[in-house]
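Undergrad: Contents of my_file.cif (mmCIF, C-alpha atoms) are below:
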```
data_run
loop_
_atom_site.label_atom_id
_atom_site.label_comp_id
_atom_site.auth_asym_id
_atom_site.auth_seq_id
_atom_site.Cartn_x
_atom_site.Cartn_y
_atom_site.Cartn_z
CA MET A 1 -32.89 -32.98 -7.99
CA PRO A 2 -30.11 -31.90 -10.38
CA ASP A 3 -27.96 -34.56 -11.96
CA GLN A 4 -25.05 -35.21 -9.67
CA THR A 5 -21.52 -35.51 -10.95
CA GLY A 6 -18.47 -36.33 -8.91
CA THR A 7 -20.38 -38.72 -6.65
CA THR A 8 -18.47 -41.85 -7.65
CA LEU A 9 -14.78 -42.62 -7.54
CA PRO A 10 -13.48 -42.47 -11.12
CA THR A 11 -11.41 -45.22 -12.64
CA GLY A 12 -7.97 -44.49 -13.98
CA LEU A 13 -6.74 -42.31 -11.13
CA PRO A 14 -2.93 -42.07 -11.20
CA VAL A 15 -2.77 -42.76 -7.44
CA ASP A 16 -4.41 -45.16 -5.03
CA PRO A 17 -7.14 -43.09 -3.30
CA ALA A 18 -6.56 -44.61 0.13
CA GLU A 19 -2.82 -44.02 -0.05
CA ALA A 20 -3.32 -40.47 -1.33
CA LEU A 21 -5.76 -39.72 1.49
CA ALA A 22 -3.30 -41.08 4.04
CA ALA A 23 -0.54 -38.88 2.60
CA ALA A 24 -2.76 -35.80 2.82
CA VAL A 25 -3.72 -36.62 6.42
CA ARG A 26 -0.03 -36.89 7.33
CA ALA A 27 0.72 -33.58 5.64
CA LEU A 28 -1.98 -31.75 7.60
CA GLU A 29 -1.14 -33.41 10.90
CA GLU A 30 2.51 -32.41 10.53
CA VAL A 31 1.68 -28.71 10.18
CA THR A 32 -1.19 -28.58 12.70
CA PRO A 33 1.06 -27.55 15.65
CA ARG A 34 2.45 -24.67 13.58
CA PHE A 35 -1.09 -23.65 12.57
CA VAL A 36 -2.18 -23.53 16.21
CA GLU A 37 0.96 -21.71 17.28
CA GLY A 38 0.39 -18.89 14.80
CA VAL A 39 -3.19 -18.05 15.74
CA GLY A 40 -3.56 -14.31 16.27
CA THR A 41 -0.85 -13.34 13.78
CA GLU A 42 -1.84 -10.08 12.11
CA GLY A 43 -2.34 -9.89 8.36
CA THR A 44 0.75 -8.51 6.65
CA ARG A 45 -0.62 -7.87 3.17
CA THR A 46 -3.86 -7.56 1.22
CA LYS A 47 -4.75 -9.37 -1.98
CA GLU A 48 -7.77 -8.48 -4.10
CA SER A 49 -9.35 -6.10 -1.59
CA ARG A 50 -8.58 -4.51 1.76
CA THR A 51 -10.69 -7.17 3.48
CA ASP A 52 -8.90 -10.06 1.72
CA VAL A 53 -5.84 -10.41 3.92
CA ALA A 54 -2.91 -12.80 4.02
CA ILE A 55 -0.10 -13.46 6.45
CA ASP A 56 3.40 -14.80 5.97
CA LEU A 57 2.37 -18.04 7.66
CA ASP A 58 0.08 -18.73 4.68
CA LEU A 59 3.19 -19.10 2.56
CA GLU A 60 5.02 -21.31 5.04
CA LEU A 61 2.08 -23.67 5.57
CA GLU A 62 1.28 -23.95 1.89
CA ARG A 63 4.90 -24.72 1.04
CA ARG A 64 5.11 -27.43 3.71
CA ILE A 65 1.77 -29.03 2.79
CA SER A 66 2.51 -28.89 -0.92
CA ASP A 67 5.98 -30.39 -0.55
CA ALA A 68 4.56 -33.25 1.51
CA LEU A 69 1.81 -33.95 -1.03
CA ARG A 70 4.21 -33.97 -3.96
CA GLU A 71 6.62 -36.24 -2.12
CA GLY A 72 3.89 -38.57 -0.91
CA THR A 73 1.90 -38.91 -4.14
CA GLY A 74 3.98 -37.57 -7.03
CA LEU A 75 1.13 -35.22 -8.02
CA GLU A 76 1.33 -31.48 -8.60
CA VAL A 77 -0.31 -28.90 -6.34
CA HIS A 78 -2.25 -25.69 -6.96
CA GLY A 79 -2.32 -23.50 -3.85
CA GLU A 80 -4.02 -20.26 -2.95
CA GLU A 81 -0.74 -18.42 -2.46
CA TYR A 82 1.72 -19.95 -4.93
CA GLY A 83 -0.70 -21.05 -7.66
CA GLY A 84 0.22 -24.03 -9.82
CA PRO A 85 -1.00 -25.99 -12.86
CA PRO A 86 -4.51 -25.34 -14.23
CA VAL A 87 -7.11 -26.77 -11.89
CA ASN A 88 -9.48 -27.82 -14.68
CA GLU A 89 -7.09 -30.31 -16.28
CA GLY A 90 -5.88 -33.73 -15.18
CA THR A 91 -5.34 -34.76 -11.56
CA LEU A 92 -3.83 -32.49 -8.93
CA TRP A 93 -4.14 -31.26 -5.36
CA VAL A 94 -5.66 -27.91 -4.40
CA VAL A 95 -4.64 -26.37 -1.08
CA ASP A 96 -5.85 -23.51 1.11
CA PRO A 97 -3.31 -23.24 3.94
CA ILE A 98 -5.48 -20.92 6.06
CA ASP A 99 -9.16 -20.70 5.21
CA GLY A 100 -10.78 -17.82 7.06
CA THR A 101 -7.56 -15.83 7.39
CA ALA A 102 -9.28 -12.83 8.97
CA ASN A 103 -10.74 -15.12 11.64
CA TYR A 104 -7.32 -16.67 12.17
CA SER A 105 -5.69 -13.28 12.67
CA LEU A 106 -8.37 -12.28 15.17
CA GLY A 107 -8.19 -15.54 17.10
CA ILE A 108 -11.69 -16.58 16.03
CA PRO A 109 -11.75 -20.41 15.95
CA THR A 110 -13.76 -20.87 12.71
CA THR A 111 -10.67 -21.20 10.55
CA GLY A 112 -8.74 -24.14 9.18
CA MET A 113 -6.79 -25.86 6.41
CA LEU A 114 -8.36 -27.30 3.25
CA VAL A 115 -6.97 -29.89 0.85
CA ALA A 116 -8.68 -31.67 -2.05
CA LEU A 117 -7.60 -34.02 -4.80
CA VAL A 118 -9.24 -32.96 -8.06
CA HIS A 119 -9.60 -35.19 -11.12
CA ASP A 120 -11.19 -34.00 -14.38
CA ARG A 121 -12.70 -30.91 -12.69
CA GLN A 122 -14.25 -32.82 -9.78
CA PRO A 123 -12.97 -33.41 -6.22
CA VAL A 124 -12.38 -37.06 -5.41
CA LEU A 125 -10.82 -36.57 -1.95
CA GLY A 126 -11.56 -33.81 0.56
CA LEU A 127 -9.90 -32.85 3.84
CA THR A 128 -10.98 -30.03 6.17
CA TRP A 129 -8.85 -29.54 9.29
CA LEU A 130 -10.31 -27.24 11.97
CA PRO A 131 -7.75 -27.57 14.77
CA LEU A 132 -9.19 -24.80 16.95
CA LEU A 133 -12.53 -26.62 17.00
CA GLY A 134 -11.01 -30.08 17.40
CA LEU A 135 -12.61 -31.22 14.14
CA ARG A 136 -11.11 -33.10 11.19
CA PHE A 137 -13.21 -34.07 8.18
CA THR A 138 -12.25 -36.44 5.36
CA SER A 139 -14.28 -37.68 2.41
CA THR A 140 -13.93 -39.78 -0.71
CA ALA A 141 -16.10 -39.57 -3.83
CA GLY A 142 -18.49 -42.50 -3.70
CA GLY A 143 -17.50 -43.17 -0.10
CA THR A 144 -18.44 -41.62 3.22
CA LEU A 145 -17.78 -38.40 5.08
CA GLN A 146 -15.84 -38.94 8.27
CA GLU A 147 -15.54 -36.63 11.27
CA ASN A 148 -12.58 -37.36 13.52
CA GLY A 149 -12.28 -40.82 11.99
CA GLU A 150 -15.93 -41.83 12.42
CA ASP A 151 -18.53 -42.08 9.65
CA VAL A 152 -21.00 -39.20 9.67
CA THR A 153 -24.70 -40.09 9.53
CA PRO A 154 -26.06 -39.39 6.02
CA LEU A 155 -27.85 -36.08 5.71
CA ARG A 156 -31.43 -35.88 6.93
CA ASP A 157 -33.80 -34.28 4.43
CA VAL A 158 -34.40 -31.12 6.44
CA SER A 159 -35.85 -27.76 5.45
CA VAL A 160 -34.06 -24.43 5.79
CA ARG A 161 -36.98 -23.58 8.06
CA ASP A 162 -35.80 -26.25 10.48
CA VAL A 163 -32.00 -25.94 10.56
CA ALA A 164 -29.73 -22.90 10.24
CA LEU A 165 -28.28 -21.90 6.87
CA GLY A 166 -24.71 -20.69 6.27
CA LEU A 167 -23.99 -17.64 4.13
CA GLY A 168 -20.75 -16.64 2.43
CA SER A 169 -19.02 -13.29 2.24
CA LEU A 170 -20.90 -10.14 1.29
CA ASN A 171 -17.60 -8.51 0.28
CA THR A 172 -16.21 -8.79 -3.23
CA GLY A 173 -12.77 -8.91 -4.76
CA ALA A 174 -11.55 -7.73 -8.12
CA ARG A 175 -12.87 -10.80 -9.97
CA ALA A 176 -16.27 -10.99 -8.27
CA THR A 177 -19.12 -12.51 -10.28
CA TYR A 178 -21.91 -11.46 -7.94
CA PRO A 179 -22.20 -7.73 -7.05
CA PRO A 180 -22.59 -6.72 -3.39
CA ALA A 181 -26.20 -5.64 -3.90
CA TYR A 182 -27.16 -9.07 -5.20
CA ARG A 183 -25.40 -10.78 -2.31
CA ARG A 184 -27.23 -8.58 0.18
CA GLU A 185 -30.56 -9.33 -1.48
CA VAL A 186 -29.89 -13.08 -1.28
CA PHE A 187 -28.88 -12.64 2.35
CA GLU A 188 -32.05 -10.69 3.17
CA ARG A 189 -34.42 -13.10 1.44
CA LEU A 190 -32.87 -16.17 3.01
CA THR A 191 -32.84 -14.52 6.43
CA LEU A 192 -36.61 -14.15 6.11
CA ASP A 193 -37.20 -17.72 4.93
CA ALA A 194 -34.68 -19.73 6.93
CA ALA A 195 -35.03 -20.75 10.56
CA ARG A 196 -31.87 -18.73 11.15
CA THR A 197 -28.68 -17.85 9.30
CA ARG A 198 -25.05 -18.14 10.31
CA LYS A 199 -22.00 -16.41 8.89
CA PHE A 200 -18.82 -18.12 10.04
CA GLY A 201 -16.36 -16.33 7.76
CA SER A 202 -14.96 -19.59 6.35
CA THR A 203 -16.25 -21.50 3.34
CA GLY A 204 -14.53 -24.62 4.62
CA VAL A 205 -16.39 -24.44 7.93
CA ASP A 206 -19.73 -23.76 6.20
CA MET A 207 -19.51 -26.76 3.92
CA ALA A 208 -18.14 -29.15 6.54
CA PHE A 209 -21.06 -28.12 8.75
CA VAL A 210 -23.53 -28.85 5.94
CA GLY A 211 -22.02 -32.28 5.36
CA SER A 212 -22.13 -33.09 9.07
CA GLY A 213 -25.72 -31.85 9.49
CA ARG A 214 -24.94 -28.76 11.56
CA LEU A 215 -26.29 -26.52 8.79
CA SER A 216 -29.12 -27.18 6.33
CA ALA A 217 -27.42 -25.44 3.42
CA SER A 218 -24.48 -23.24 2.52
CA ILE A 219 -23.98 -20.57 -0.13
CA SER A 220 -20.57 -19.46 -1.36
CA PHE A 221 -20.45 -16.57 -3.84
CA GLY A 222 -16.79 -17.29 -4.58
CA ASN A 223 -15.29 -19.39 -7.35
CA TYR A 224 -11.92 -20.22 -5.80
CA PRO A 225 -11.21 -23.94 -6.11
CA TRP A 226 -9.12 -24.08 -2.92
CA ASP A 227 -12.09 -22.71 -0.93
CA ASN A 228 -14.73 -24.99 -2.40
CA ALA A 229 -13.37 -28.36 -3.55
CA ALA A 230 -12.92 -30.11 -0.20
CA GLY A 231 -16.35 -29.07 1.06
CA VAL A 232 -18.06 -30.12 -2.15
CA CYS A 233 -16.57 -33.59 -1.73
CA HIS A 234 -17.80 -33.70 1.89
CA VAL A 235 -21.40 -32.72 1.08
CA ARG A 236 -21.67 -35.17 -1.79
CA ALA A 237 -20.24 -37.99 0.33
CA ALA A 238 -22.86 -37.24 2.98
CA GLY A 239 -25.65 -37.54 0.39
CA GLY A 240 -26.15 -33.84 -0.34
CA VAL A 241 -26.63 -31.89 -3.56
CA VAL A 242 -24.07 -29.38 -4.86
CA THR A 243 -24.68 -26.93 -7.71
CA ASP A 244 -23.90 -23.34 -8.54
CA LEU A 245 -26.46 -20.62 -7.82
CA ALA A 246 -28.04 -21.16 -11.23
CA GLY A 247 -28.67 -24.81 -10.39
CA GLU A 248 -25.99 -26.23 -12.69
CA PRO A 249 -23.99 -29.21 -11.36
CA TRP A 250 -20.85 -27.98 -9.64
CA ALA A 251 -17.39 -28.34 -11.18
CA ILE A 252 -14.03 -26.86 -10.20
CA ASP A 253 -14.54 -23.83 -12.48
CA SER A 254 -18.12 -23.08 -11.36
CA PRO A 255 -18.80 -19.46 -10.33
CA SER A 256 -20.43 -20.26 -6.97
CA VAL A 257 -21.61 -23.04 -4.66
CA LEU A 258 -24.99 -24.03 -3.26
CA ALA A 259 -24.56 -27.11 -1.06
CA ALA A 260 -27.42 -28.73 0.87
CA GLY A 261 -29.59 -31.75 1.41
CA GLN A 262 -32.12 -32.34 -1.34
CA LYS A 263 -35.08 -30.52 0.26
CA ALA A 264 -33.11 -27.52 1.48
CA HIS A 265 -31.31 -27.26 -1.86
CA GLY A 266 -34.61 -27.00 -3.71
CA GLU A 267 -35.90 -24.36 -1.31
CA VAL A 268 -32.82 -22.15 -1.56
CA LEU A 269 -32.56 -22.50 -5.32
CA SER A 270 -36.21 -21.47 -5.72
CA ILE A 271 -35.64 -18.34 -3.61
CA VAL A 272 -32.47 -17.39 -5.47
CA ARG A 273 -34.08 -17.86 -8.89
CA GLN A 274 -36.92 -15.51 -7.94
CA LEU A 275 -34.41 -12.68 -7.64
CA GLY A 276 -33.43 -12.85 -11.30
CA GLU A 277 -30.02 -12.21 -12.80
CA PRO A 278 -27.24 -10.90 -10.53
CA GLY A 279 -26.36 -8.27 -13.14
CA ASN A 280 -29.74 -6.61 -12.59
CA PHE A 281 -28.57 -5.25 -9.26
CA PHE A 282 -26.76 -2.00 -8.59
CA GLU A 283 -23.39 -2.18 -6.91
CA ALA A 284 -24.34 0.58 -4.49
CA GLY A 285 -27.74 -0.53 -3.28
CA ARG A 286 -30.56 -3.00 -3.46
CA ARG A 287 -32.58 -1.47 -6.29
CA TRP A 288 -32.92 -3.09 -9.68
CA ALA A 289 -30.75 -1.85 -12.53
CA THR A 290 -33.92 -0.22 -13.92
CA PRO A 291 -35.24 1.20 -10.63
CA GLU A 292 -38.80 2.04 -9.81
CA PRO A 293 -39.61 5.78 -9.45
CA GLU A 294 -38.56 7.16 -6.09
CA THR A 295 -41.17 7.70 -3.44
CA GLN A 296 -42.23 11.34 -3.11
CA ARG A 297 -40.50 13.13 -0.23
CA PRO A 298 -42.34 16.44 0.25
CA TRP A 299 -40.29 17.42 3.29
CA LEU A 300 -37.30 17.96 1.02
CA GLN A 301 -39.28 20.47 -1.01
CA ASP A 302 -40.29 22.30 2.17
CA GLY A 303 -36.70 22.64 3.30
CA ARG A 304 -37.28 20.36 6.26
#
```
Starting from the coordinates I provided, produce the structure as structure tokens.
TA:
Amino acid sequence: MPDQTGTTLPTGLPVDPAEALAAAVRALEEVTPRFVEGVGTEGTRTKESRTDVAIDLDLELERRISDALREGTGLEVHGEEYGGPPVNEGTLWVVDPIDGTANYSLGIPTTGMLVALVHDRQPVLGLTWLPLLGLRFTSTAGGTLQENGEDVTPLRDVSVRDVALGLGSLNTGARATYPPAYRREVFERLTLDAARTRKFGSTGVDMAFVGSGRLSASISFGNYPWDNAAGVCHVRAAGGVVTDLAGEPWAIDSPSVLAAGQKAHGEVLSIVRQLGEPGNFFEAGRRWATPEPETQRPWLQDGR
């Protein structure tokens, strides 16, 4: 099992963790009616790719959540839409006002709001609000994961062959680390090895479901702190393991996330490592960068 960091509450935090968590809960509860009201709003603009959409409500929700966090704790905020101070320095909040925006626009209920308090590159508080599913998750480093105010049972040491596995997006943006061909290869291999796979279209949902035992493991190919930080805190609080896809302990600037119970984490990491380096894959297909000779196709020579 990789060395775990971020699994204890650090000393020297500039805020009381319980008070900060309460402030974040209030901030999310205050905007939840507006979140629910806006479901089905069409995307009004694209960001890094045509599939990465945003809506004006993203801006409104982030502004309201961020203002409430600053007022309630005196700490700065880095949000998906407005940005903010560097996320790998000091103590600050990270906010995703609508995680799974495409789902939100389509009225698909696997979408929500994510907030995390990050200290020295590690999340110490995590909140995942999934109003359309009636689920609210909170966690504290070194504490417990709670679902709707009740402690979640620590993770059972299950295999990916026993419980479904969650997979992140196969699409890529302008700053993608993992090419589409590599993502598809990971998807295909895990589909063969896992009991079943699920693709919810929301990193926040995937990781909350790992922490609460609904999934055995989750892979996120993205490196956005607002997508990952809250869920990382949840999985660790539930007794899980979180690394990047190379097996290195996760931090806020890691390139990816592999979150799971100990057994499932080892299984997925072994499968991923067998594939080799992501850069060895073509963007356009599943062949290696130095492909094997093509199979003979005599019918092409015959004009068939």
Undergrad: How many Å separate CA of Pro180 (chain A) from CA of Phe281 (chain A)?
TA: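 Computed distance, CA of Pro180 (chain A) to CA of Phe281 (chain A), equals 8.5 Å.
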Undergrad: Just how far from CA of Asp16 (chain A) is CA of Glu150 (chain A), in Å to one decimal?
TA: 21.2 Å
Undergrad: Which residue out of A:Gly38, A:Pro85, A:Gly231, A:Pro10 has the minimum interatomic distance to Ile98 (chain A) when only C-alpha atoms are used?
TA: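 Checking each candidate against Ile98 (chain A), we get A:Gly38 as the closest.
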Undergrad: For the provided coordinates, the residues matched by the PyMOL selection byres ((chain A and resi 70-76) around 6) should be stated as a ChimeraX atom specification.
TA: /A:23,67-69,77,92
Undergrad: Just the residues within 7 Å of Leu9 (chain A), please, counting only C-alpha atoms, with nothing from its chain fewer than 6 positions along; format it as a PyMOL selection string.
TA: chain A and resi 124+141-142
Undergrad: Restricted to C-alpha atoms, what would the selected residues look like written as a PDB file, keeping the file's coordinate frame?
TA:
```pdb
ATOM      1  CA  VAL A 124     -12.380 -37.060  -5.410  1.00  0.00           C
ATOM      2  CA  ALA A 141     -16.100 -39.570  -3.830  1.00  0.00           C
ATOM      3  CA  GLY A 142     -18.490 -42.500  -3.700  1.00  0.00           C
TER       4      GLY A 142
END
```
Undergrad: Take the PyMOL selection byres ((chain A and resi 79) around 7), apply it to the structure above, and return the hits as a list in words.
TA: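 Selection result, ordered by chain and number: Glu62, Val77, His78, Glu80, Glu81, Tyr82, Gly83, Gly84, Val94, Val95, Asp96 and Trp226 of chain A.
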Undergrad: Once you have the residues from the selection above, write them out as a PDB file, in the frame of the given file, restricted to C-alpha atoms.
TA:
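Heads up, here's the output in part.pdb:
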```
ATOM      1  CA  GLU A  62       1.280 -23.950   1.890  1.00  0.00           C
ATOM      2  CA  VAL A  77      -0.310 -28.900  -6.340  1.00  0.00           C
ATOM      3  CA  HIS A  78      -2.250 -25.690  -6.960  1.00  0.00           C
ATOM      4  CA  GLU A  80      -4.020 -20.260  -2.950  1.00  0.00           C
ATOM      5  CA  GLU A  81      -0.740 -18.420  -2.460  1.00  0.00           C
ATOM      6  CA  TYR A  82       1.720 -19.950  -4.930  1.00  0.00           C
ATOM      7  CA  GLY A  83      -0.700 -21.050  -7.660  1.00  0.00           C
ATOM      8  CA  GLY A  84       0.220 -24.030  -9.820  1.00  0.00           C
ATOM      9  CA  VAL A  94      -5.660 -27.910  -4.400  1.00  0.00           C
ATOM     10  CA  VAL A  95      -4.640 -26.370  -1.080  1.00  0.00           C
ATOM     11  CA  ASP A  96      -5.850 -23.510   1.110  1.00  0.00           C
ATOM     12  CA  TRP A 226      -9.120 -24.080  -2.920  1.00  0.00           C
TER      13      TRP A 226
END
```
Undergrad: Please indicate the distance in Å from CA of Arg236 (chain A) to CA of Asp58 (chain A), rounded to one decimal place.
TA: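 Atom-to-atom, CA of Arg236 (chain A) and CA of Asp58 (chain A) are spaced 28.0 Å apart.
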Undergrad: Please determine the residues with any atom at most 10 Å from (-21.3, -17.1, 8.4) (coordinates as given in the file, with all atoms listed in the file counting) and report them as a count of residues only.
TA: 18
Undergrad: For region 225-270 of chain A against region 183-189 of chain A, with a cut-off of 12 Å and counting only C-alpha atoms, what is the closest atom pair and its distance in Å to one decimal for every residue that makes the cut, ordered by chain and number, as a tab-separated table?
TA:
```
residue	atom	partner	partner_atom	distance
A:Leu245	CA	A:Val186	CA	10.6
A:Ser256	CA	A:Arg183	CA	11.7
A:Glu267	CA	A:Arg189	CA	11.7
A:Val268	CA	A:Val186	CA	9.5
A:Leu269	CA	A:Val186	CA	10.6
A:Ser270	CA	A:Arg189	CA	11.2
```
Undergrad: Given the PyMOL selection byres ((chain A and resi 260) around 10) and the file above, list the residues it selects as a VMD selection string.
TA: chain A and resid 155 157 to 160 165 207 210 to 211 213 215 to 219 232 235 to 236 238 to 243 257 to 259 261 to 268
Undergrad: With only C-alpha atoms as the counted atoms, please give the residues lying no more than 8 Å from Ser139 (chain A), apart from itself and same-chain residues fewer than 3 positions off, as a PyMOL selection string.
TA: chain A and resi 125-127+143-146+233-234+237
Undergrad: Measuring atom to atom with all atoms listed in the file, identify which of A:Asp99, A:Asp56, A:Glu277, A:Asp162 is nearest to Leu130 (chain A).
TA: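 Answer, going by the shortest atom-to-atom distance: A:Asp99.
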Undergrad: For the point (-8.2, -41.5, 16.9) in the file's frame, write as a list in words all residues with an atom no more than 12 Å away, counting all atoms listed in the file.
TA: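 Selection result: Gly134, Leu135, Arg136, Gln146, Glu147, Asn148, Gly149 and Glu150 of chain A.
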